[in-house]
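Structure data follow from upload.cif (mmCIF, C-alpha atoms):
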```
data_my_file
#
loop_
_atom_site.label_atom_id
_atom_site.label_comp_id
_atom_site.auth_asym_id
_atom_site.auth_seq_id
_atom_site.Cartn_x
_atom_site.Cartn_y
_atom_site.Cartn_z
CA MET A 1 -61.35 -184.34 43.62
CA THR A 2 -59.14 -184.05 40.56
CA LEU A 3 -56.66 -186.32 38.89
CA GLY A 4 -53.64 -184.11 39.66
CA PRO A 5 -52.73 -185.16 43.24
CA VAL A 6 -53.12 -188.86 42.41
CA LEU A 7 -50.76 -188.53 39.44
CA VAL A 8 -48.22 -186.68 41.60
CA LEU A 9 -48.42 -189.47 44.19
CA ALA A 10 -47.82 -192.07 41.48
CA ALA A 11 -44.87 -190.05 40.14
CA LEU A 12 -43.43 -189.85 43.67
CA LEU A 13 -43.78 -193.60 44.17
CA PHE A 14 -42.20 -194.32 40.78
CA SER A 15 -39.27 -192.00 41.53
CA MET A 16 -38.76 -193.72 44.88
CA GLY A 17 -38.63 -197.01 43.01
CA VAL A 18 -36.04 -195.60 40.59
CA TYR A 19 -33.97 -194.39 43.53
CA GLY A 20 -34.21 -197.82 45.16
CA VAL A 21 -33.11 -199.63 42.00
CA LEU A 22 -30.15 -197.27 41.57
CA ALA A 23 -29.01 -196.96 45.19
CA ARG A 24 -29.64 -200.40 46.69
CA ARG A 25 -26.97 -203.05 46.81
CA ASN A 26 -28.96 -206.09 47.88
CA ALA A 27 -30.76 -207.96 45.08
CA VAL A 28 -33.96 -208.50 47.08
CA THR A 29 -34.28 -204.79 47.90
CA VAL A 30 -33.88 -203.96 44.22
CA LEU A 31 -36.81 -206.28 43.51
CA LEU A 32 -38.81 -204.52 46.24
CA ALA A 33 -38.11 -201.18 44.55
CA VAL A 34 -39.26 -202.61 41.19
CA GLU A 35 -42.52 -203.60 42.89
CA LEU A 36 -42.94 -199.98 44.04
CA MET A 37 -42.57 -198.81 40.43
CA LEU A 38 -45.15 -201.32 39.18
CA ASN A 39 -47.48 -200.19 41.94
CA ALA A 40 -47.13 -196.58 40.82
CA VAL A 41 -48.14 -197.63 37.30
CA ASN A 42 -51.19 -199.42 38.72
CA ILE A 43 -52.24 -196.27 40.58
CA ASN A 44 -51.99 -194.33 37.32
CA LEU A 45 -54.06 -196.88 35.39
CA VAL A 46 -56.84 -197.00 37.97
CA ALA A 47 -56.89 -193.21 38.38
CA PHE A 48 -57.17 -192.69 34.61
CA GLN A 49 -59.96 -195.26 34.48
CA SER A 50 -61.76 -193.29 37.17
CA ALA A 51 -61.26 -190.03 35.25
CA LEU A 52 -61.98 -191.20 31.70
CA GLN A 53 -64.69 -193.77 32.52
CA SER A 54 -63.95 -196.11 29.65
CA PRO A 55 -67.00 -198.37 29.19
CA GLN A 56 -65.16 -201.67 29.56
CA ALA A 57 -63.07 -200.57 32.57
CA LEU A 58 -59.93 -200.84 30.46
CA GLY A 59 -57.71 -199.20 33.07
CA GLN A 60 -58.66 -201.72 35.73
CA ILE A 61 -58.23 -204.63 33.30
CA PHE A 62 -54.71 -203.46 32.52
CA ALA A 63 -53.97 -203.04 36.23
CA ILE A 64 -55.00 -206.68 36.76
CA PHE A 65 -52.68 -207.77 33.94
CA VAL A 66 -49.82 -205.76 35.45
CA ILE A 67 -50.41 -207.41 38.85
CA THR A 68 -50.36 -210.88 37.27
CA VAL A 69 -47.17 -210.29 35.31
CA ALA A 70 -45.56 -208.74 38.40
CA ALA A 71 -46.35 -211.89 40.37
CA ALA A 72 -44.63 -214.00 37.69
CA GLU A 73 -41.68 -211.59 37.68
CA VAL A 74 -41.21 -211.87 41.45
CA GLY A 75 -41.30 -215.66 41.29
CA ILE A 76 -38.61 -215.84 38.61
CA GLY A 77 -36.59 -212.99 40.14
CA LEU A 78 -36.41 -214.53 43.59
CA ALA A 79 -35.58 -217.94 42.10
CA ILE A 80 -32.64 -216.36 40.24
CA VAL A 81 -31.50 -214.52 43.38
CA LEU A 82 -31.66 -217.80 45.30
CA LEU A 83 -29.63 -219.62 42.66
CA ILE A 84 -26.97 -216.91 42.57
CA PHE A 85 -26.87 -216.88 46.36
CA ARG A 86 -26.32 -220.63 46.42
CA ASN A 87 -23.43 -220.37 43.94
CA ARG A 88 -21.78 -217.20 45.22
CA ARG A 89 -22.81 -217.05 48.92
CA SER A 90 -23.91 -213.45 48.41
CA ALA A 91 -26.95 -211.42 47.40
CA ASN A 92 -24.87 -208.30 46.84
CA LEU A 93 -25.28 -207.01 43.29
CA ASP A 94 -21.76 -205.50 43.24
CA ASP A 95 -20.31 -209.01 43.57
CA PHE A 96 -21.90 -210.16 40.31
CA ALA A 97 -19.45 -208.40 37.98
CA THR A 98 -18.00 -211.42 36.20
CA MET A 99 -19.29 -210.21 32.82
CA LYS A 100 -17.84 -206.71 33.31
CA GLY A 101 -15.46 -205.81 30.49
CA MET B 1 -56.81 -178.22 43.14
CA MET B 2 -57.56 -180.08 46.38
CA ASP B 3 -61.04 -179.39 47.73
CA PHE B 4 -60.85 -180.23 51.44
CA THR B 5 -64.56 -179.80 52.03
CA GLU B 6 -65.13 -183.23 50.53
CA PRO B 7 -64.45 -186.10 52.94
CA VAL B 8 -63.08 -188.23 50.07
CA THR B 9 -60.21 -185.74 49.67
CA TRP B 10 -59.24 -186.21 53.32
CA VAL B 11 -59.30 -189.99 53.00
CA ALA B 12 -57.26 -189.88 49.79
CA SER B 13 -54.74 -187.45 51.32
CA ILE B 14 -54.18 -189.61 54.40
CA LEU B 15 -53.80 -192.70 52.22
CA GLY B 16 -51.39 -190.85 49.95
CA LEU B 17 -49.29 -189.77 52.93
CA ALA B 18 -49.23 -193.36 54.20
CA ILE B 19 -48.21 -194.68 50.77
CA ALA B 20 -45.42 -192.11 50.41
CA THR B 21 -44.07 -192.80 53.92
CA SER B 22 -44.12 -196.57 53.40
CA GLY B 23 -42.44 -196.20 50.00
CA PHE B 24 -39.73 -194.10 51.63
CA ILE B 25 -39.18 -196.84 54.22
CA VAL B 26 -38.91 -199.45 51.43
CA VAL B 27 -36.07 -197.65 49.66
CA THR B 28 -34.19 -196.25 52.68
CA SER B 29 -34.54 -198.73 55.56
CA LYS B 30 -31.34 -200.35 56.78
CA ASN B 31 -33.28 -203.43 57.82
CA LEU B 32 -34.41 -205.77 55.05
CA ILE B 33 -37.46 -206.98 56.98
CA HIS B 34 -38.53 -203.39 57.61
CA ALA B 35 -38.19 -202.67 53.88
CA ALA B 36 -40.44 -205.64 53.05
CA LEU B 37 -42.98 -204.57 55.68
CA GLY B 38 -42.85 -201.04 54.26
CA LEU B 39 -43.97 -202.53 50.95
CA VAL B 40 -46.93 -204.07 52.82
CA GLY B 41 -47.86 -200.58 54.01
CA ALA B 42 -47.50 -199.08 50.54
CA LEU B 43 -49.64 -201.82 48.97
CA ALA B 44 -52.30 -201.62 51.69
CA GLY B 45 -52.48 -197.86 51.17
CA THR B 46 -52.75 -198.40 47.42
CA ALA B 47 -55.59 -200.87 47.95
CA GLY B 48 -57.38 -198.23 50.05
CA LEU B 49 -56.80 -195.64 47.33
CA PHE B 50 -58.25 -198.08 44.77
CA LEU B 51 -61.34 -198.41 46.94
CA VAL B 52 -61.65 -194.61 46.93
CA LEU B 53 -61.15 -194.58 43.16
CA SER B 54 -64.04 -197.07 42.82
CA ALA B 55 -61.85 -200.01 41.72
CA GLU B 56 -63.05 -202.52 44.29
CA PHE B 57 -62.06 -205.73 42.55
CA VAL B 58 -58.55 -204.50 41.75
CA ALA B 59 -58.12 -203.41 45.38
CA TRP B 60 -58.91 -206.87 46.72
CA VAL B 61 -56.80 -208.53 44.02
CA LEU B 62 -53.94 -206.33 45.21
CA VAL B 63 -54.48 -207.40 48.82
CA LEU B 64 -54.76 -211.10 47.97
CA VAL B 65 -52.00 -211.40 45.38
CA TYR B 66 -49.48 -208.89 46.68
CA ILE B 67 -49.86 -208.75 50.44
CA GLY B 68 -50.98 -212.38 50.63
CA ALA B 69 -48.62 -214.12 48.23
CA VAL B 70 -45.83 -211.95 46.80
CA LEU B 71 -44.80 -210.50 50.17
CA VAL B 72 -44.53 -213.98 51.70
CA LEU B 73 -42.28 -214.90 48.77
CA PHE B 74 -40.17 -211.81 49.46
CA LEU B 75 -39.85 -212.66 53.16
CA PHE B 76 -38.76 -216.18 52.19
CA GLY B 77 -36.19 -214.74 49.81
CA ILE B 78 -34.85 -212.35 52.47
CA MET B 79 -34.63 -215.01 55.14
CA ILE B 80 -32.92 -217.52 52.84
CA THR B 81 -30.35 -215.11 51.41
CA ARG B 82 -29.56 -213.40 54.70
CA ALA B 83 -29.83 -215.77 57.64
CA PRO B 84 -28.92 -213.37 60.48
CA VAL B 85 -31.70 -210.83 59.87
CA GLY B 86 -31.01 -207.41 61.30
CA TYR B 87 -29.56 -204.00 60.58
CA ASP B 88 -27.11 -203.93 57.75
CA VAL B 89 -25.10 -200.84 56.91
CA ASP B 90 -24.01 -202.38 53.63
CA LEU B 91 -27.45 -202.29 52.02
CA ASP B 92 -26.87 -199.13 49.95
CA ASN B 93 -24.06 -198.58 47.48
CA ASP B 94 -21.97 -195.43 47.15
CA ARG B 95 -23.99 -193.92 44.30
CA LYS B 96 -26.75 -192.67 46.58
CA VAL B 97 -26.37 -188.96 45.73
CA ILE B 98 -26.46 -189.52 41.97
CA ALA B 99 -29.44 -191.84 42.39
CA ALA B 100 -31.28 -189.27 44.53
CA VAL B 101 -30.61 -186.48 42.01
CA GLY B 102 -31.76 -188.66 39.12
CA ALA B 103 -34.91 -189.84 40.89
CA GLY B 104 -35.70 -186.32 42.10
CA SER B 105 -35.42 -184.80 38.65
CA LEU B 106 -37.53 -187.66 37.23
CA PHE B 107 -40.18 -186.89 39.86
CA ILE B 108 -40.19 -183.17 39.04
CA LEU B 109 -40.35 -183.83 35.29
CA THR B 110 -43.13 -186.44 35.40
CA SER B 111 -45.29 -184.62 37.95
CA PHE B 112 -45.05 -181.33 36.06
CA ALA B 113 -45.93 -183.05 32.80
CA ALA B 114 -48.86 -184.87 34.44
CA LEU B 115 -50.18 -181.76 36.18
CA ASP B 116 -49.84 -179.72 33.01
CA SER B 117 -51.84 -182.21 30.93
CA PHE B 118 -54.33 -183.79 33.35
CA GLY B 119 -54.10 -181.79 36.57
CA ASP B 120 -57.68 -180.51 36.48
CA THR B 121 -59.42 -183.57 35.07
CA ALA B 122 -62.20 -184.55 37.44
CA LEU B 123 -62.31 -188.07 38.87
CA LEU B 124 -65.81 -188.94 37.73
CA GLY B 125 -65.72 -192.53 38.94
CA ILE B 126 -65.68 -191.73 42.67
CA GLY B 127 -68.82 -193.04 44.32
CA ASP B 128 -69.72 -195.17 41.31
CA PRO B 129 -67.91 -198.50 41.81
CA THR B 130 -67.06 -200.64 38.79
CA SER B 131 -68.96 -203.86 39.22
CA THR B 132 -67.00 -207.10 39.20
CA GLY B 133 -69.48 -208.41 36.65
CA ASP B 134 -68.45 -205.74 34.16
CA LEU B 135 -64.79 -206.63 34.71
CA ALA B 136 -65.58 -210.31 34.19
CA ASP B 137 -67.45 -209.52 30.97
CA ALA B 138 -64.45 -207.61 29.64
CA LEU B 139 -61.91 -210.21 30.79
CA LEU B 140 -63.76 -213.17 29.32
CA GLY B 141 -65.05 -211.29 26.30
CA ARG B 142 -62.82 -208.81 24.54
CA PHE B 143 -59.71 -209.73 26.56
CA VAL B 144 -60.08 -213.49 26.68
CA LEU B 145 -56.96 -214.17 24.61
CA PRO B 146 -54.62 -211.97 26.70
CA PHE B 147 -56.25 -213.44 29.81
CA GLU B 148 -55.46 -217.01 28.77
CA LEU B 149 -51.99 -215.95 27.64
CA VAL B 150 -51.19 -214.31 30.95
CA SER B 151 -52.31 -217.41 32.83
CA PHE B 152 -49.95 -219.46 30.65
CA VAL B 153 -47.15 -216.97 31.41
CA LEU B 154 -47.85 -217.37 35.11
CA LEU B 155 -47.74 -221.17 34.87
CA ALA B 156 -44.51 -221.08 32.84
CA ALA B 157 -42.96 -218.64 35.33
CA LEU B 158 -43.86 -220.81 38.29
CA ILE B 159 -42.49 -223.98 36.68
CA GLY B 160 -39.40 -222.04 35.59
CA GLY B 161 -38.92 -220.68 39.09
CA ILE B 162 -39.11 -224.14 40.62
CA THR B 163 -36.68 -225.52 38.02
CA VAL B 164 -34.20 -222.70 38.56
CA ALA B 165 -34.31 -222.76 42.35
CA ARG B 166 -34.35 -226.56 42.74
CA LYS B 167 -31.53 -227.82 44.92
CA ASP B 168 -30.65 -230.98 42.99
CA ALA B 169 -29.76 -229.72 39.53
CA THR B 170 -26.89 -232.10 38.81
CA PRO B 171 -27.67 -234.54 36.00
CA ILE B 172 -27.51 -238.23 36.79
CA ALA B 173 -24.54 -239.88 35.08
CA VAL B 174 -25.17 -242.70 32.62
CA GLY B 175 -25.40 -246.07 34.31
CA GLU B 176 -25.97 -244.54 37.72
CA THR B 177 -29.34 -245.12 39.34
CA GLU B 178 -31.24 -242.52 41.23
CA GLU B 179 -31.58 -243.42 44.88
#
```
Take the structure in the file and give it back as structure tokens.
Amino acid sequence: MTLGPVLVLAALLFSMGVYGVLARRNAVTVLLAVELMLNAVNINLVAFQSALQSPQALGQIFAIFVITVAAAEVGIGLAIVLLIFRNRRSANLDDFATMKG
Amino acid sequence: MMDFTEPVTWVASILGLAIATSGFIVVTSKNLIHAALGLVGALAGTAGLFLVLSAEFVAWVLVLVYIGAVLVLFLFGIMITRAPVGYDVDLDNDRKVIAAVGAGSLFILTSFAALDSFGDTALLGIGDPTSTGDLADALLGRFVLPFELVSFVLLAALIGGITVARKDATPIAVGETEE
């Protein structure tokens, strides 16, 4: 098996995430789409580790770091969504346009 | 490019199909719960793909951290911000076509670039799993500083999340006692 199909799969997943971030209106779904993009990056890192065989498993180490930071990001992100929902009674991103010029 | 005489190619193809389908559900489903469960499918498929790509530890970390913890957090977030859970036609905005064109062209660009540069690189690691001991040596040896830093980031994020989402954020006025 070669690296090509795995990279195409990761590109597909990342593009789906981009579409989700651009086209979704609900804040939680946008966060879900961001998770898809991070997952695509993890697939790339692990696949390159498998192809290049770096001695210290650098690709997998970086994937673990990405997973950890993503967990922190989700915690903060959902807390912010919750706070905005409590103040505005809405999780709709189009309603949060107070700062729009 | 794809040699279908190897069983590993079949496994990887089926997993890839499952990941792509679940990802599609995540970004297109009209039901928030279905979108979150689609992410479960995508992450489970990714964990399987990691097992194929000989990254065992990362696969189980993905299952534990993502499917076990992050998804529960997401379901909490969905159920708190949208009490009557169900189909919602208002989930997408009216820029869907532009978003689809942008994402599609990004996909074409990145996959062509990747195939052009690395399309024929062999995946040498298949069948030769990275031992968790090696990962531990790297994490607590060369990467010990980033490792400690990332754990601090996690702690700070959790405390920050609790502080931000706490219900009672009004300061107590001077002279008033907390009950």
Spatial neighbours of B:Ile162, 12 Å, all atoms listed in the file, chain gap at least 5 places, as a PDB file with C-alpha atoms, keeping the file's coordinate frame:
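Once written, out.pdb looks like this:
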```
ATOM      1  CA  ALA A  72     -44.630-214.000  37.690  1.00  0.00           C
ATOM      2  CA  GLY A  75     -41.300-215.660  41.290  1.00  0.00           C
ATOM      3  CA  ILE A  76     -38.610-215.840  38.610  1.00  0.00           C
ATOM      4  CA  GLY A  77     -36.590-212.990  40.140  1.00  0.00           C
ATOM      5  CA  LEU A  78     -36.410-214.530  43.590  1.00  0.00           C
ATOM      6  CA  ALA A  79     -35.580-217.940  42.100  1.00  0.00           C
ATOM      7  CA  ILE A  80     -32.640-216.360  40.240  1.00  0.00           C
ATOM      8  CA  LEU A  82     -31.660-217.800  45.300  1.00  0.00           C
ATOM      9  CA  LEU A  83     -29.630-219.620  42.660  1.00  0.00           C
TER      10      LEU A  83
ATOM     11  CA  LEU B 155     -47.740-221.170  34.870  1.00  0.00           C
ATOM     12  CA  ALA B 156     -44.510-221.080  32.840  1.00  0.00           C
ATOM     13  CA  ALA B 157     -42.960-218.640  35.330  1.00  0.00           C
ATOM     14  CA  LYS B 167     -31.530-227.820  44.920  1.00  0.00           C
ATOM     15  CA  ASP B 168     -30.650-230.980  42.990  1.00  0.00           C
ATOM     16  CA  ALA B 169     -29.760-229.720  39.530  1.00  0.00           C
TER      17      ALA B 169
END
```
Can you tell me how far atom CA of A:Asp94 sits from atom CA of B:Val27, in Å to one decimal?
17.5 Å
Residues of chain B within 7 Å of chain A, counting only C-alpha atoms - could you list those as a PyMOL selection string?
chain B and resi 1-3+9+16+20+23-24+27+53+55+58+70+77-78+81+91-93+95-96+99-100+103-104+106-107+110-111+114-115+118-126+134-135+138+154+157-158+160-161+164-165
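Here atom CA of B:Val52 stands at a distance of 9.0 Å from atom CA of B:Pro129.
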For B:Ser22, list every protein, DNA or RNA residue within 9 Å, evaluated using all atoms listed in the file, and leave out those in the same chain fewer than 2 positions away; present the list as a compact mmCIF listing (two decimals) with C-alpha atoms, in the frame of the given file.
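What follows is the written file selection.txt:
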```txt
# COMPACT_ATOMS: atom_id res chain seq x y z
CA LEU B 17 -49.29 -189.77 52.93
CA ALA B 18 -49.23 -193.36 54.20
CA ILE B 19 -48.21 -194.68 50.77
CA ALA B 20 -45.42 -192.11 50.41
CA PHE B 24 -39.73 -194.10 51.63
CA ILE B 25 -39.18 -196.84 54.22
CA VAL B 26 -38.91 -199.45 51.43
CA VAL B 27 -36.07 -197.65 49.66
CA ALA B 35 -38.19 -202.67 53.88
CA LEU B 37 -42.98 -204.57 55.68
CA GLY B 38 -42.85 -201.04 54.26
CA LEU B 39 -43.97 -202.53 50.95
CA VAL B 40 -46.93 -204.07 52.82
CA GLY B 41 -47.86 -200.58 54.01
CA ALA B 42 -47.50 -199.08 50.54
CA LEU B 43 -49.64 -201.82 48.97
CA GLY B 45 -52.48 -197.86 51.17
```
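Of note, atom CA of B:Phe147 and atom CA of B:Thr163 are spaced 24.4 Å apart.
Nearest residue to B:Leu73 among B:Gly48, B:Val61, B:Glu148, B:Ala36 is B:Ala36, counting all atoms listed in the file.
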Please give the centre and size of the box around stretch 28-33 of chain A (axis-aligned, containing every atom listed in the file, 8 Å added per side), with values in Å to one decimal and written as lines of an AutoDock Vina configuration file.
```
center_x = -36.3
center_y = -204.8
center_z = 45.7
size_x = 20.9
size_y = 23.3
size_z = 20.4
```
Student task, chain A output with C-alpha atoms as a tab-separated table (two decimals), in the first residue's frame:
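Result file is decode.tsv:
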```
chain	number	residue	atom	x	y	z
A	1	MET	CA	0.00	0.00	0.00
A	2	THR	CA	1.19	3.51	-0.79
A	3	LEU	CA	0.81	6.85	0.91
A	4	GLY	CA	-1.33	8.36	-1.86
A	5	PRO	CA	-4.86	7.11	-0.97
A	6	VAL	CA	-4.37	7.95	2.71
A	7	LEU	CA	-3.35	11.51	1.87
A	8	VAL	CA	-6.37	11.89	-0.44
A	9	LEU	CA	-8.64	10.67	2.38
A	10	ALA	CA	-7.10	13.21	4.76
A	11	ALA	CA	-7.54	15.97	2.16
A	12	LEU	CA	-11.19	14.95	1.72
A	13	LEU	CA	-11.80	15.02	5.47
A	14	PHE	CA	-10.10	18.41	5.80
A	15	SER	CA	-12.16	19.85	2.94
A	16	MET	CA	-15.34	18.54	4.57
A	17	GLY	CA	-14.28	20.33	7.73
A	18	VAL	CA	-13.71	23.56	5.79
A	19	TYR	CA	-17.15	23.21	4.22
A	20	GLY	CA	-18.69	22.64	7.65
A	21	VAL	CA	-17.02	25.71	9.15
A	22	LEU	CA	-18.15	27.88	6.22
A	23	ALA	CA	-21.68	26.54	5.74
A	24	ARG	CA	-22.90	25.75	9.26
A	25	ARG	CA	-24.86	28.23	11.31
A	26	ASN	CA	-24.88	26.55	14.70
A	27	ALA	CA	-21.78	27.14	16.86
A	28	VAL	CA	-21.57	23.54	18.08
A	29	THR	CA	-21.62	22.15	14.52
A	30	VAL	CA	-18.82	24.53	13.57
A	31	LEU	CA	-16.78	23.06	16.44
A	32	LEU	CA	-17.60	19.56	15.17
A	33	ALA	CA	-16.28	20.54	11.73
A	34	VAL	CA	-13.08	21.90	13.31
A	35	GLU	CA	-12.63	18.50	14.98
A	36	LEU	CA	-12.90	16.86	11.53
A	37	MET	CA	-10.10	19.11	10.26
A	38	LEU	CA	-7.86	18.27	13.23
A	39	ASN	CA	-8.58	14.60	12.64
A	40	ALA	CA	-7.48	14.92	9.02
A	41	VAL	CA	-4.19	16.42	10.20
A	42	ASN	CA	-3.73	13.49	12.60
A	43	ILE	CA	-4.25	11.01	9.76
A	44	ASN	CA	-1.57	12.83	7.77
A	45	LEU	CA	0.91	12.80	10.65
A	46	VAL	CA	0.46	9.11	11.38
A	47	ALA	CA	0.59	8.17	7.69
A	48	PHE	CA	3.83	10.11	7.18
A	49	GLN	CA	5.29	8.45	10.26
A	50	SER	CA	4.41	5.09	8.74
A	51	ALA	CA	6.02	6.07	5.43
A	52	LEU	CA	9.16	7.83	6.66
A	53	GLN	CA	9.81	5.66	9.74
A	54	SER	CA	11.41	8.37	11.85
A	55	PRO	CA	13.32	6.65	14.67
A	56	GLN	CA	11.58	8.44	17.53
A	57	ALA	CA	8.07	8.08	16.07
A	58	LEU	CA	7.87	11.85	15.65
A	59	GLY	CA	4.66	11.73	13.63
A	60	GLN	CA	2.81	9.84	16.34
A	61	ILE	CA	4.18	12.13	19.06
A	62	PHE	CA	2.86	15.15	17.18
A	63	ALA	CA	-0.50	13.44	16.68
A	64	ILE	CA	-0.72	12.94	20.46
A	65	PHE	CA	0.05	16.64	21.01
A	66	VAL	CA	-2.62	17.62	18.47
A	67	ILE	CA	-5.18	15.40	20.26
A	68	THR	CA	-4.32	16.99	23.62
A	69	VAL	CA	-4.57	20.56	22.37
A	70	ALA	CA	-7.82	19.70	20.56
A	71	ALA	CA	-9.29	18.45	23.84
A	72	ALA	CA	-8.38	21.76	25.50
A	73	GLU	CA	-9.84	23.66	22.55
A	74	VAL	CA	-13.17	21.82	22.78
A	75	GLY	CA	-13.41	22.50	26.51
A	76	ILE	CA	-12.87	26.23	26.09
A	77	GLY	CA	-14.96	26.41	22.91
A	78	LEU	CA	-18.00	24.75	24.43
A	79	ALA	CA	-17.68	26.88	27.57
A	80	ILE	CA	-17.74	30.03	25.40
A	81	VAL	CA	-20.72	28.71	23.41
A	82	LEU	CA	-22.53	28.01	26.69
A	83	LEU	CA	-21.80	31.50	28.01
A	84	ILE	CA	-23.01	33.16	24.81
A	85	PHE	CA	-26.09	30.96	24.81
A	86	ARG	CA	-26.88	32.01	28.37
A	87	ASN	CA	-26.56	35.71	27.49
A	88	ARG	CA	-28.21	35.68	24.06
A	89	ARG	CA	-30.55	32.64	24.18
A	90	SER	CA	-29.09	31.46	20.88
A	91	ALA	CA	-26.28	29.34	19.50
A	92	ASN	CA	-26.71	30.76	16.02
A	93	LEU	CA	-23.47	32.34	14.78
A	94	ASP	CA	-25.34	34.86	12.58
A	95	ASP	CA	-26.85	36.41	15.72
A	96	PHE	CA	-23.43	37.31	17.13
A	97	ALA	CA	-22.80	40.32	14.87
A	98	THR	CA	-22.57	43.04	17.50
A	99	MET	CA	-18.97	43.84	16.53
A	100	LYS	CA	-19.82	44.08	12.82
A	101	GLY	CA	-18.86	47.47	11.40
```
